[in-house]
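Peer 1: Here it is, the structure, as structure tokens.
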Amino acid sequence: MATSWQKRGYSIDAIRELARTELPKPVFDYADGAAEREITMQGNENDFKNYALVPRPLKGAATCDISVELFGKKLALPLIVGPTGLSGLFWPDGERETARAAAAAGTAFCLSHGSTCTLEELAETGVTPRWMQVFIYRERDFTRELCNRAKDANFDALMLTLDNQVIGKRERDLSNGFTIPPEFGFDSYISMITKYRWLWRMRSAYRTLTFANYMRVGEKNDLSQLAQRMGNLLDPGMTWDDVSWVRDLWKGPMILKGVLHPEDAARAATIGVDALVVSNHGGRQLDGAITSLAALPGIVDAVPGQMPILMDGGVRRGTDVLKALALGATACLIGRPHLWGLAVAGKAGVKHVLDIYAQELGIAMGLCGVKALAEITPELLFHTENLRT
């Protein structure tokens, strides 16, 4: 039987509003916000409205198979939980709660470099498939270290993220005083005090929050120092030679995240990258960047059939997943939605979010006359701009 929050959380938008009621404003805005005027974030969501679905109901889709195979493993749905930093701020032990939810839903989970548990602690849960996010750091030995640690902990894939080499200007965080460590104003503290359920859950965990993968043996937990270290490590001078170097380091599936230009997709294919994520970091980095959905067809055309193409940014409905797949994506990633679910009910909240996507995708496929993901083609779509020409 559905609980009260599950009944009220009937859609991803509804889950977002439940998360707003649970979280202090600075914490909610940390997940919900984006860079500068948030144009790219809004565009990510709005671009799905540019495509209408053209159903073919007489094709006999009495049952729908929404599973997909990726790197030799079958996922129950074409939706993967992407990397998000500080998940433990939304629910105690947030990363491991999320990973367990993804496993329960039959899909993959990618651990953020900025997680509040170590990659080894995540591996101890036994969840699979599990992926690890890394960056090109100024100290290349630290990149090597994370790759080796992920290998030793039997992670299934490595996700090299390209678009965080300079931290974006996130104005909601600046307004709220959400820095590391936080420098909240009076209004923010009042917001925190009124969120008693969050305060009660976090009463012990909040004091021990840290960027666990950056902690050195015997080092005191100092969030400010760790955050400064993270920022200083990121290397805006990285090049394709560095990507090739990581490719040589990591022998398993390697995913390149943050690809928006077709030439970059083609270059990635030549050096043996196994998959791409078409992503603008959810609009959290470069405001005014091309939206993920707008960039997707060009990336698909640049590497036709050569590798899986994943996409993230603005995916809020099962129909959004369907549209992305129709444009050539193999699967989608989600970021903010799983954090909203996590804030509402921990593991159960994330699982509920994934179930919503699965249910909506199944309904959309059935109504469109599509029995399996392989039958999803561009012919399902009509670009609404054609209505105005």
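FYI, nothing fancy with the structure tokens labels: chains A, B, ... in order, residues from 1 per chain, ligands from 1 as they appear.
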If you run DSSP on the backbone here, which positions in range 70-238 of chain A get strand (DSSP E or B)? Please write them as a PyMOL selection string.

Peer 2: chain A and resi 70+73-75+79-81+109-111+130-134+137+157-161+234

Peer 1: For Arg20 in chain A, find every residue with an atom within 10 Å (counting only C-alpha atoms), except residues of its own chain fewer than 2 positions away, and show them as JSON, numbers by chain.

Peer 2: {"A": [14, 15, 16, 17, 18, 22, 23, 24, 25, 27, 28, 29, 32, 195, 340, 343, 344]}

Peer 1: Next, write the just-selected residues to a file, as a PDB file, in the first residue's frame, keeping N, CA, C and O atoms as the atom set.

Peer 2:
ATOM      1  N   ALA A  14       6.134  16.659  -8.552  1.00  0.00           N
ATOM      2  CA  ALA A  14       5.541  16.576  -7.215  1.00  0.00           C
ATOM      3  C   ALA A  14       6.588  16.184  -6.174  1.00  0.00           C
ATOM      4  O   ALA A  14       6.588  16.699  -5.049  1.00  0.00           O
ATOM      5  N   ILE A  15       7.505  15.280  -6.541  1.00  0.00           N
ATOM      6  CA  ILE A  15       8.593  14.903  -5.635  1.00  0.00           C
ATOM      7  C   ILE A  15       9.479  16.111  -5.345  1.00  0.00           C
ATOM      8  O   ILE A  15       9.943  16.319  -4.215  1.00  0.00           O
ATOM      9  N   ARG A  16       9.728  16.917  -6.365  1.00  0.00           N
ATOM     10  CA  ARG A  16      10.527  18.141  -6.167  1.00  0.00           C
ATOM     11  C   ARG A  16       9.881  19.036  -5.129  1.00  0.00           C
ATOM     12  O   ARG A  16      10.566  19.584  -4.245  1.00  0.00           O
ATOM     13  N   GLU A  17       8.567  19.208  -5.184  1.00  0.00           N
ATOM     14  CA  GLU A  17       7.893  20.070  -4.218  1.00  0.00           C
ATOM     15  C   GLU A  17       7.914  19.463  -2.813  1.00  0.00           C
ATOM     16  O   GLU A  17       8.023  20.177  -1.824  1.00  0.00           O
ATOM     17  N   LEU A  18       7.821  18.145  -2.719  1.00  0.00           N
ATOM     18  CA  LEU A  18       7.953  17.498  -1.416  1.00  0.00           C
ATOM     19  C   LEU A  18       9.359  17.723  -0.849  1.00  0.00           C
ATOM     20  O   LEU A  18       9.515  17.951   0.355  1.00  0.00           O
ATOM     21  N   GLU A  22      10.850  19.577   2.696  1.00  0.00           N
ATOM     22  CA  GLU A  22      11.698  18.848   3.639  1.00  0.00           C
ATOM     23  C   GLU A  22      13.010  19.560   3.930  1.00  0.00           C
ATOM     24  O   GLU A  22      13.549  19.454   5.033  1.00  0.00           O
ATOM     25  N   LEU A  23      13.548  20.266   2.951  1.00  0.00           N
ATOM     26  CA  LEU A  23      14.915  20.763   3.041  1.00  0.00           C
ATOM     27  C   LEU A  23      14.988  22.241   3.408  1.00  0.00           C
ATOM     28  O   LEU A  23      14.139  23.039   2.968  1.00  0.00           O
ATOM     29  N   PRO A  24      16.001  22.647   4.152  1.00  0.00           N
ATOM     30  CA  PRO A  24      16.276  24.076   4.303  1.00  0.00           C
ATOM     31  C   PRO A  24      16.525  24.697   2.933  1.00  0.00           C
ATOM     32  O   PRO A  24      17.066  24.042   2.035  1.00  0.00           O
ATOM     33  N   LYS A  25      16.137  25.933   2.774  1.00  0.00           N
ATOM     34  CA  LYS A  25      16.251  26.584   1.467  1.00  0.00           C
ATOM     35  C   LYS A  25      17.665  26.512   0.880  1.00  0.00           C
ATOM     36  O   LYS A  25      17.822  26.216  -0.312  1.00  0.00           O
ATOM     37  N   VAL A  27      19.933  24.266   1.211  1.00  0.00           N
ATOM     38  CA  VAL A  27      20.224  22.903   0.770  1.00  0.00           C
ATOM     39  C   VAL A  27      19.400  22.563  -0.473  1.00  0.00           C
ATOM     40  O   VAL A  27      19.913  21.992  -1.439  1.00  0.00           O
ATOM     41  N   PHE A  28      18.110  22.927  -0.455  1.00  0.00           N
ATOM     42  CA  PHE A  28      17.278  22.694  -1.644  1.00  0.00           C
ATOM     43  C   PHE A  28      17.847  23.427  -2.848  1.00  0.00           C
ATOM     44  O   PHE A  28      17.965  22.862  -3.937  1.00  0.00           O
ATOM     45  N   ASP A  29      18.222  24.687  -2.664  1.00  0.00           N
ATOM     46  CA  ASP A  29      18.729  25.476  -3.786  1.00  0.00           C
ATOM     47  C   ASP A  29      20.070  24.958  -4.290  1.00  0.00           C
ATOM     48  O   ASP A  29      20.388  25.104  -5.477  1.00  0.00           O
ATOM     49  N   ASP A  32      18.802  22.351  -6.598  1.00  0.00           N
ATOM     50  CA  ASP A  32      17.827  22.822  -7.575  1.00  0.00           C
ATOM     51  C   ASP A  32      18.384  23.905  -8.494  1.00  0.00           C
ATOM     52  O   ASP A  32      17.912  24.071  -9.617  1.00  0.00           O
ATOM     53  N   LYS A 195      12.962  23.257   9.453  1.00  0.00           N
ATOM     54  CA  LYS A 195      12.944  21.942   8.805  1.00  0.00           C
ATOM     55  C   LYS A 195      13.369  20.893   9.836  1.00  0.00           C
ATOM     56  O   LYS A 195      14.448  20.297   9.765  1.00  0.00           O
ATOM     57  N   TRP A 340      16.063  14.830  -5.036  1.00  0.00           N
ATOM     58  CA  TRP A 340      14.752  15.177  -4.466  1.00  0.00           C
ATOM     59  C   TRP A 340      14.122  13.955  -3.808  1.00  0.00           C
ATOM     60  O   TRP A 340      13.608  14.039  -2.688  1.00  0.00           O
ATOM     61  N   ALA A 343      15.884  13.211  -0.529  1.00  0.00           N
ATOM     62  CA  ALA A 343      15.512  14.139   0.541  1.00  0.00           C
ATOM     63  C   ALA A 343      14.162  13.798   1.159  1.00  0.00           C
ATOM     64  O   ALA A 343      13.925  14.078   2.334  1.00  0.00           O
ATOM     65  N   VAL A 344      13.287  13.202   0.370  1.00  0.00           N
ATOM     66  CA  VAL A 344      11.938  12.889   0.851  1.00  0.00           C
ATOM     67  C   VAL A 344      11.917  11.617   1.689  1.00  0.00           C
ATOM     68  O   VAL A 344      11.291  11.562   2.753  1.00  0.00           O
TER      69      VAL A 344
END

Peer 1: Figure out the distance between CA of Thr116 in chain A and CA of Phe71 in chain A, please, to one decimal in Å.

Peer 2: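 Taking CA of Phe71 in chain A and CA of Thr116 in chain A, their separation equals 27.1 Å.
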
Peer 1: Tell me, as a CSV table (one decimal) with N, CA, C and O atoms, in the first residue's frame, which residues lie within 10 Å of Trp240 in chain A, counting only C-alpha atoms; anything in the same chain fewer than 2 positions away does not count.

Peer 2:
chain,number,residue,atom,x,y,z
A,238,MET,N,43.6,21.0,-19.2
A,238,MET,CA,43.6,19.7,-19.7
A,238,MET,C,43.4,19.6,-21.2
A,238,MET,O,42.8,20.5,-21.8
A,242,ASP,N,45.5,14.2,-22.2
A,242,ASP,CA,45.1,13.7,-20.9
A,242,ASP,C,44.0,12.6,-20.9
A,242,ASP,O,44.0,11.7,-20.2
A,243,VAL,N,43.1,12.8,-21.8
A,243,VAL,CA,42.0,11.8,-22.0
A,243,VAL,C,42.6,10.5,-22.5
A,243,VAL,O,42.3,9.4,-22.0
A,244,SER,N,43.5,10.6,-23.4
A,244,SER,CA,44.2,9.4,-23.9
A,244,SER,C,45.0,8.7,-22.8
A,244,SER,O,45.0,7.5,-22.7
A,245,TRP,N,45.6,9.5,-21.9
A,245,TRP,CA,46.4,9.0,-20.8
A,245,TRP,C,45.5,8.2,-19.8
A,245,TRP,O,45.8,7.1,-19.4
A,246,VAL,N,44.3,8.8,-19.5
A,246,VAL,CA,43.3,8.1,-18.7
A,246,VAL,C,42.8,6.8,-19.4
A,246,VAL,O,42.6,5.8,-18.7
A,264,ASP,N,34.2,16.7,-31.0
A,264,ASP,CA,34.8,16.1,-29.8
A,264,ASP,C,34.3,14.6,-29.6
A,264,ASP,O,35.0,13.8,-29.2
A,267,ARG,N,36.4,12.6,-32.0
A,267,ARG,CA,37.8,12.5,-31.5
A,267,ARG,C,37.8,11.4,-30.3
A,267,ARG,O,38.8,10.6,-30.3
A,268,ALA,N,36.8,11.4,-29.5
A,268,ALA,CA,36.7,10.5,-28.4
A,268,ALA,C,36.7,9.1,-29.0
A,268,ALA,O,37.3,8.1,-28.4
A,271,ILE,N,40.1,7.5,-29.9
A,271,ILE,CA,41.1,7.1,-28.8
A,271,ILE,C,40.5,6.0,-27.9
A,271,ILE,O,41.1,5.7,-26.9

Peer 1: Determine the nearest neighbour of Val134 in chain A from the options A:Val68, A:Ala2, A:Met230, A:Cys117, counting only C-alpha atoms.

Peer 2: A:Met230

Peer 1: Go through A:Ala294, A:Leu209, A:Met159, A:Val350 and flag the residue nearest Asp274 in chain A, using only C-alpha atoms for the distances.

Peer 2: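 With only C-alpha atoms as the atom set, the closest residue is A:Met159.
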
Peer 1: When distances are computed from only C-alpha atoms, which of A:Gly33, A:Cys64, A:Met132, A:Leu339 shows the smallest separation from Asn176 in chain A?

Peer 2: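 For Asn176 in chain A, the nearest of the candidates is A:Gly33.
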
Peer 1: Excluding Cys332 in chain A and its own-chain neighbours fewer than 3 positions away, which residues fall within 7 Å of it when counting only C-alpha atoms? Please give them as JSON, numbers by chain.

Peer 2: {"A": [78, 79, 80, 310, 311, 312, 321]}

Peer 1: Write out the residues from the selection above, keeping N, CA and C atoms, as a PDB file, in the first residue's frame.

Peer 2:
ATOM      1  N   PRO A  78      16.183   2.296 -19.108  1.00  0.00           N
ATOM      2  CA  PRO A  78      17.248   3.094 -19.728  1.00  0.00           C
ATOM      3  C   PRO A  78      17.476   4.409 -18.988  1.00  0.00           C
ATOM      4  N   LEU A  79      17.652   4.304 -17.687  1.00  0.00           N
ATOM      5  CA  LEU A  79      17.843   5.476 -16.843  1.00  0.00           C
ATOM      6  C   LEU A  79      18.882   5.130 -15.786  1.00  0.00           C
ATOM      7  N   ILE A  80      19.893   5.979 -15.662  1.00  0.00           N
ATOM      8  CA  ILE A  80      21.022   5.727 -14.770  1.00  0.00           C
ATOM      9  C   ILE A  80      21.116   6.884 -13.781  1.00  0.00           C
ATOM     10  N   LEU A 310      24.773   8.453 -24.041  1.00  0.00           N
ATOM     11  CA  LEU A 310      23.908   8.761 -22.917  1.00  0.00           C
ATOM     12  C   LEU A 310      23.642  10.260 -22.914  1.00  0.00           C
ATOM     13  N   MET A 311      22.597  10.668 -22.245  1.00  0.00           N
ATOM     14  CA  MET A 311      22.253  12.085 -22.199  1.00  0.00           C
ATOM     15  C   MET A 311      21.705  12.450 -20.837  1.00  0.00           C
ATOM     16  N   ASP A 312      22.109  13.605 -20.318  1.00  0.00           N
ATOM     17  CA  ASP A 312      21.454  14.106 -19.112  1.00  0.00           C
ATOM     18  C   ASP A 312      21.128  15.578 -19.274  1.00  0.00           C
ATOM     19  N   VAL A 321      12.418  10.691 -21.622  1.00  0.00           N
ATOM     20  CA  VAL A 321      13.317   9.570 -21.932  1.00  0.00           C
ATOM     21  C   VAL A 321      13.014   9.035 -23.324  1.00  0.00           C
TER      22      VAL A 321
END
